[in-house]
file coords.cif (mmCIF, C-alpha atoms)
data_protein
loop_
_atom_site.group_PDB
_atom_site.id
_atom_site.type_symbol
_atom_site.label_atom_id
_atom_site.label_comp_id
_atom_site.auth_asym_id
_atom_site.auth_seq_id
_atom_site.Cartn_x
_atom_site.Cartn_y
_atom_site.Cartn_z
ATOM 1 C CA MET K 7 76.869 85.479 83.578
ATOM 2 C CA LYS K 8 74.829 85.790 86.782
ATOM 3 C CA LYS K 9 78.023 85.474 88.825
ATOM 4 C CA ILE K 10 79.644 88.383 86.968
ATOM 5 C CA ILE K 11 76.597 90.607 87.490
ATOM 6 C CA LEU K 12 76.474 89.645 91.170
ATOM 7 C CA PHE K 13 80.203 90.369 91.542
ATOM 8 C CA LEU K 14 79.875 93.800 89.900
ATOM 9 C CA ALA K 15 76.864 94.654 92.062
ATOM 10 C CA LEU K 16 78.780 93.696 95.224
ATOM 11 C CA ALA K 17 81.828 95.694 94.116
ATOM 12 C CA ALA K 18 79.656 98.756 93.470
ATOM 13 C CA ALA K 19 77.944 98.371 96.852
ATOM 14 C CA LEU K 20 81.308 98.062 98.604
ATOM 15 C CA PHE K 21 82.537 101.176 96.829
ATOM 16 C CA VAL K 22 79.476 103.130 97.999
ATOM 17 C CA VAL K 23 79.923 101.901 101.596
ATOM 18 C CA VAL K 24 83.608 102.922 101.649
ATOM 19 C CA LEU K 25 82.732 106.296 100.144
ATOM 20 C CA MET K 26 80.056 106.896 102.786
ATOM 21 C CA ILE K 27 82.417 105.925 105.620
ATOM 22 C CA ASN K 28 85.033 108.362 104.319
ATOM 23 C CA LEU K 29 82.441 111.118 104.051
ATOM 24 C CA LEU K 30 81.276 110.476 107.619
ATOM 25 C CA ARG K 31 84.867 110.575 108.867
ATOM 26 C CA GLY K 32 85.452 113.860 107.116
ATOM 27 C CA LYS K 33 87.890 112.537 104.528
ATOM 28 C CA SER K 34 86.205 114.683 101.886
ATOM 29 C CA THR K 35 87.361 117.822 103.681
ATOM 30 C CA ILE K 36 90.826 118.469 102.306
ATOM 31 C CA PRO K 37 92.648 121.459 103.824
ATOM 32 C CA THR K 38 93.887 124.058 101.385
ATOM 33 C CA PRO K 39 97.621 124.781 101.221
ATOM 34 C CA SER K 40 97.087 128.093 103.034
ATOM 35 C CA ASP K 41 95.417 126.197 105.922
ATOM 36 C CA VAL K 42 98.365 123.842 106.295
ATOM 37 C CA LEU K 43 101.435 125.926 105.524
ATOM 38 C CA ASP K 44 103.190 127.777 108.307
ATOM 39 C CA VAL K 45 102.743 131.252 106.826
ATOM 40 C CA ASN K 46 104.654 132.862 109.696
ATOM 41 C CA THR K 47 107.965 131.141 109.033
ATOM 42 C CA PRO K 48 110.596 133.882 108.887
ATOM 43 C CA THR K 49 112.549 134.380 105.693
ATOM 44 C CA LEU K 50 116.322 134.635 105.576
ATOM 45 C CA GLU K 51 115.877 138.386 105.148
ATOM 46 C CA ASP K 52 113.799 138.558 108.352
ATOM 47 C CA ILE K 53 116.463 136.662 110.294
ATOM 48 C CA ARG K 54 119.254 138.870 108.945
ATOM 49 C CA ASP K 55 117.301 141.972 109.988
ATOM 50 C CA GLN K 56 117.043 140.606 113.529
ATOM 51 C CA ILE K 57 120.755 139.968 113.974
ATOM 52 C CA LYS K 58 122.440 142.741 115.873
ATOM 53 C CA GLU K 59 126.205 142.856 116.091
ATOM 54 C CA GLY K 60 127.607 141.804 119.464
ATOM 55 C CA GLU K 61 124.345 140.386 120.911
ATOM 56 C CA THR K 62 125.060 136.696 121.289
ATOM 57 C CA ASP K 63 124.269 134.056 123.875
ATOM 58 C CA GLY K 64 127.924 133.344 124.633
ATOM 59 C CA LYS K 65 128.048 130.494 122.118
ATOM 60 C CA GLY K 66 128.183 132.783 119.110
ATOM 61 C CA GLU K 67 124.437 132.477 118.429
ATOM 62 C CA ASN K 68 122.241 135.537 118.280
ATOM 63 C CA LYS K 69 119.826 135.790 121.227
ATOM 64 C CA ASP K 70 116.977 137.206 119.130
ATOM 65 C CA VAL K 71 117.115 134.386 116.592
ATOM 66 C CA LYS K 72 117.443 131.635 119.198
ATOM 67 C CA ALA K 73 114.422 132.811 121.212
ATOM 68 C CA GLN K 74 112.259 133.258 118.150
ATOM 69 C CA THR K 75 108.578 132.319 118.213
ATOM 70 C CA LYS K 76 107.642 129.488 115.871
ATOM 71 C CA GLU K 77 103.992 129.631 114.867
ATOM 72 C CA PHE K 78 101.959 126.739 113.485
ATOM 73 C CA LEU K 79 98.384 126.181 112.421
ATOM 74 C CA VAL K 80 97.147 122.689 113.255
ATOM 75 C CA ILE K 81 93.791 121.758 111.748
ATOM 76 C CA GLY K 82 91.609 119.156 113.405
ATOM 77 C CA ALA K 83 88.972 117.160 111.562
ATOM 78 C CA ASN K 84 87.336 113.883 112.440
ATOM 79 C CA PHE K 85 90.197 111.622 113.497
ATOM 80 C CA SER K 86 93.141 113.550 111.994
ATOM 81 C CA PHE K 87 95.434 116.528 112.485
ATOM 82 C CA THR K 88 97.058 118.445 109.653
ATOM 83 C CA PRO K 89 100.006 118.688 109.793
ATOM 84 C CA SER K 90 100.718 115.443 111.596
ATOM 85 C CA SER K 91 104.203 116.589 112.637
ATOM 86 C CA VAL K 92 105.806 119.828 113.795
ATOM 87 C CA VAL K 93 109.557 120.434 114.187
ATOM 88 C CA VAL K 94 111.145 123.125 116.377
ATOM 89 C CA LYS K 95 114.459 123.744 118.105
ATOM 90 C CA LYS K 96 115.078 123.531 121.834
ATOM 91 C CA GLY K 97 114.549 126.958 123.366
ATOM 92 C CA ASP K 98 112.036 128.103 120.754
ATOM 93 C CA ARG K 99 108.819 129.731 121.901
ATOM 94 C CA VAL K 100 106.100 127.669 120.206
ATOM 95 C CA LYS K 101 102.699 129.106 119.322
ATOM 96 C CA ILE K 102 100.164 126.583 118.037
ATOM 97 C CA THR K 103 96.780 127.690 116.782
ATOM 98 C CA PHE K 104 94.468 124.675 116.893
ATOM 99 C CA LYS K 105 91.634 125.122 114.401
ATOM 100 C CA ASN K 106 88.785 122.635 114.793
ATOM 101 C CA ASN K 107 87.191 122.287 111.356
ATOM 102 C CA GLN K 108 84.950 119.318 112.038
ATOM 103 C CA GLY K 109 83.485 117.570 115.070
ATOM 104 C CA PHE K 110 84.154 117.844 118.818
ATOM 105 C CA HIS K 111 87.876 117.834 119.678
ATOM 106 C CA ASP K 112 90.730 119.210 121.726
ATOM 107 C CA PHE K 113 94.523 119.370 121.359
ATOM 108 C CA LYS K 114 96.947 118.158 124.055
ATOM 109 C CA ILE K 115 100.698 117.788 124.523
ATOM 110 C CA ASP K 116 101.266 116.039 127.859
ATOM 111 C CA ALA K 117 105.052 116.518 127.830
ATOM 112 C CA TYR K 118 104.614 120.301 127.985
ATOM 113 C CA GLY K 119 101.425 120.344 130.053
ATOM 114 C CA VAL K 120 99.434 122.263 127.455
ATOM 115 C CA ALA K 121 95.908 121.599 126.236
ATOM 116 C CA THR K 122 92.961 123.367 124.704
ATOM 117 C CA LYS K 123 89.464 122.940 126.022
ATOM 118 C CA GLN K 124 87.209 120.474 124.207
ATOM 119 C CA PHE K 125 84.985 122.304 121.743
ATOM 120 C CA ASN K 126 82.749 121.883 118.699
ATOM 121 C CA SER K 127 83.686 123.086 115.248
ATOM 122 C CA PRO K 128 84.082 125.637 113.951
ATOM 123 C CA GLY K 129 86.481 127.200 116.397
ATOM 124 C CA GLU K 130 90.084 127.720 117.343
ATOM 125 C CA GLU K 131 92.289 128.161 120.382
ATOM 126 C CA VAL K 132 95.931 129.201 120.771
ATOM 127 C CA LEU K 133 98.584 127.459 122.911
ATOM 128 C CA GLU K 134 102.031 128.877 123.692
ATOM 129 C CA PHE K 135 104.982 127.299 125.455
ATOM 130 C CA ILE K 136 108.781 127.144 125.465
ATOM 131 C CA ALA K 137 110.246 123.986 123.918
ATOM 132 C CA ASP K 138 112.694 123.424 126.774
ATOM 133 C CA LYS K 139 113.408 119.699 126.305
ATOM 134 C CA THR K 140 114.485 117.721 123.266
ATOM 135 C CA GLY K 141 112.757 114.632 121.985
ATOM 136 C CA VAL K 142 109.706 113.459 120.100
ATOM 137 C CA PHE K 143 106.415 114.162 121.867
ATOM 138 C CA GLU K 144 102.926 113.117 120.856
ATOM 139 C CA TYR K 145 100.073 115.553 120.476
ATOM 140 C CA TYR K 146 96.559 114.157 120.366
ATOM 141 C CA CYS K 147 92.820 114.611 120.829
ATOM 142 C CA SER K 148 91.665 113.301 124.208
ATOM 143 C CA VAL K 149 87.974 113.022 123.315
ATOM 144 C CA GLY K 150 86.710 109.432 123.606
ATOM 145 C CA SER K 151 88.713 107.067 121.405
ATOM 146 C CA HIS K 152 89.812 109.753 118.908
ATOM 147 C CA ARG K 153 93.484 109.229 119.764
ATOM 148 C CA ALA K 154 93.207 105.469 119.150
ATOM 149 C CA MET K 155 91.435 106.210 115.856
ATOM 150 C CA GLY K 156 94.506 108.136 114.629
ATOM 151 C CA MET K 157 93.896 111.684 115.815
ATOM 152 C CA LYS K 158 97.470 112.277 116.892
ATOM 153 C CA GLY K 159 100.720 113.725 115.650
ATOM 154 C CA VAL K 160 104.267 114.412 116.818
ATOM 155 C CA LEU K 161 106.162 117.456 118.007
ATOM 156 C CA LYS K 162 109.892 117.006 117.401
ATOM 157 C CA VAL K 163 112.185 119.250 119.408
ATOM 158 C CA GLU K 164 115.771 119.172 118.114
#

call {"tool": "encode", "arguments": {"input": "coords.cif", "output": "structure tokens"}}
result
Amino acid sequence: MKKIILFLALAAALFVVVLMINLLRGKSTIPTPSDVLDVNTPTLEDIRDQIKEGETDGKGENKDVKAQTKEFLVIGANFSFTPSSVVVKKGDRVKITFKNNQGFHDFKIDAYGVATKQFNSPGEEVLEFIADKTGVFEYYCSVGSHRAMGMKGVLKVE
């Protein structure tokens, strides 16, 4: 009987420790769908409105659609980015708003030579660049060991 009580007490203590660690890491802060969703993604109607007859890039693709700006909101919290992946097409102008919700962070993409400054939450900074090479590129927080602790994501350029 004493062993069962001891086991339950240890299990409860472990649960409390794990809960406290998650709270300290910011796991209790769950972004809302409006924080995560790319609310600026054009609809099919928007794209159709942009197409003008005869204005193509020589390959049959409309210049206005091909050079379109893709906007994303990336939220930083302690040791995570949401979303953890972003997909664009080669030639797209990419606009990333990095919103720091918790802690002291930055946002970097070495392959495109873009980075925000390091700053405390709450705050945000905007980066813009042309996705001129295809591949999968890592974005990350360069503060201390944040990257090694999982504060990274991928930009996929198709």

call {"tool": "residues_around", "arguments": {"input": "coords.cif", "residues": "range 124-127 of chain K", "least_positions_apart": "4", "cutoff": "8 Å", "atoms": "only C-alpha atoms", "output": "ChimeraX atom specification"}}
result
/K:106-113,149

call {"tool": "closest_residue", "arguments": {"input": "coords.cif", "among": "K:Ala121, K:Ala15, K:Ile10, K:Met157", "to": "Phe135 in chain K", "atoms": "only C-alpha atoms"}}
result
K:Ala121

call {"tool": "atom_distance", "arguments": {"input": "coords.cif", "atom1": "CA of Gly119 in chain K", "atom2": "CA of Phe85 in chain K"}}
result
21.8 Å

call {"tool": "residues_around", "arguments": {"input": "coords.cif", "residues": "Gly97 in chain K", "least_positions_apart": "4", "cutoff": "10 Å", "atoms": "all atoms listed in the file", "output": "list in words"}}
result
Lys72, Ala73, Gln74, Thr75, Phe135, Ile136, Ala137, Asp138, Lys139, Thr140, Val163 and Glu164 of chain K

call {"tool": "residues_around", "arguments": {"input": "coords.cif", "residues": "Gly141 in chain K", "least_positions_apart": "6", "cutoff": "12 Å", "atoms": "all atoms listed in the file", "output": "list of chain:residue names"}}
result
K:Val92, K:Val93, K:Val94, K:Lys95, K:Lys96, K:Ala117, K:Tyr118, K:Val160, K:Leu161, K:Lys162, K:Val163, K:Glu164

call {"tool": "closest_residue", "arguments": {"input": "coords.cif", "among": "K:Leu16, K:Val120, K:Ile81, K:Val132", "to": "Thr103 in chain K", "atoms": "only C-alpha atoms"}}
result
K:Val132

call {"tool": "atom_distance", "arguments": {"input": "coords.cif", "atom1": "CA of Phe78 in chain K", "atom2": "CA of Phe104 in chain K"}}
result
8.5 Å

call {"tool": "residues_around", "arguments": {"input": "coords.cif", "residues": "Lys101 in chain K", "least_positions_apart": "6", "cutoff": "6 Å", "atoms": "all atoms listed in the file", "output": "ChimeraX atom specification"}}
result
/K:77,133-134

call {"tool": "closest_residue", "arguments": {"input": "coords.cif", "among": "K:Val100, K:Met7, K:Cys147, K:Val142", "to": "Lys123 in chain K", "atoms": "all atoms listed in the file"}}
result
K:Cys147
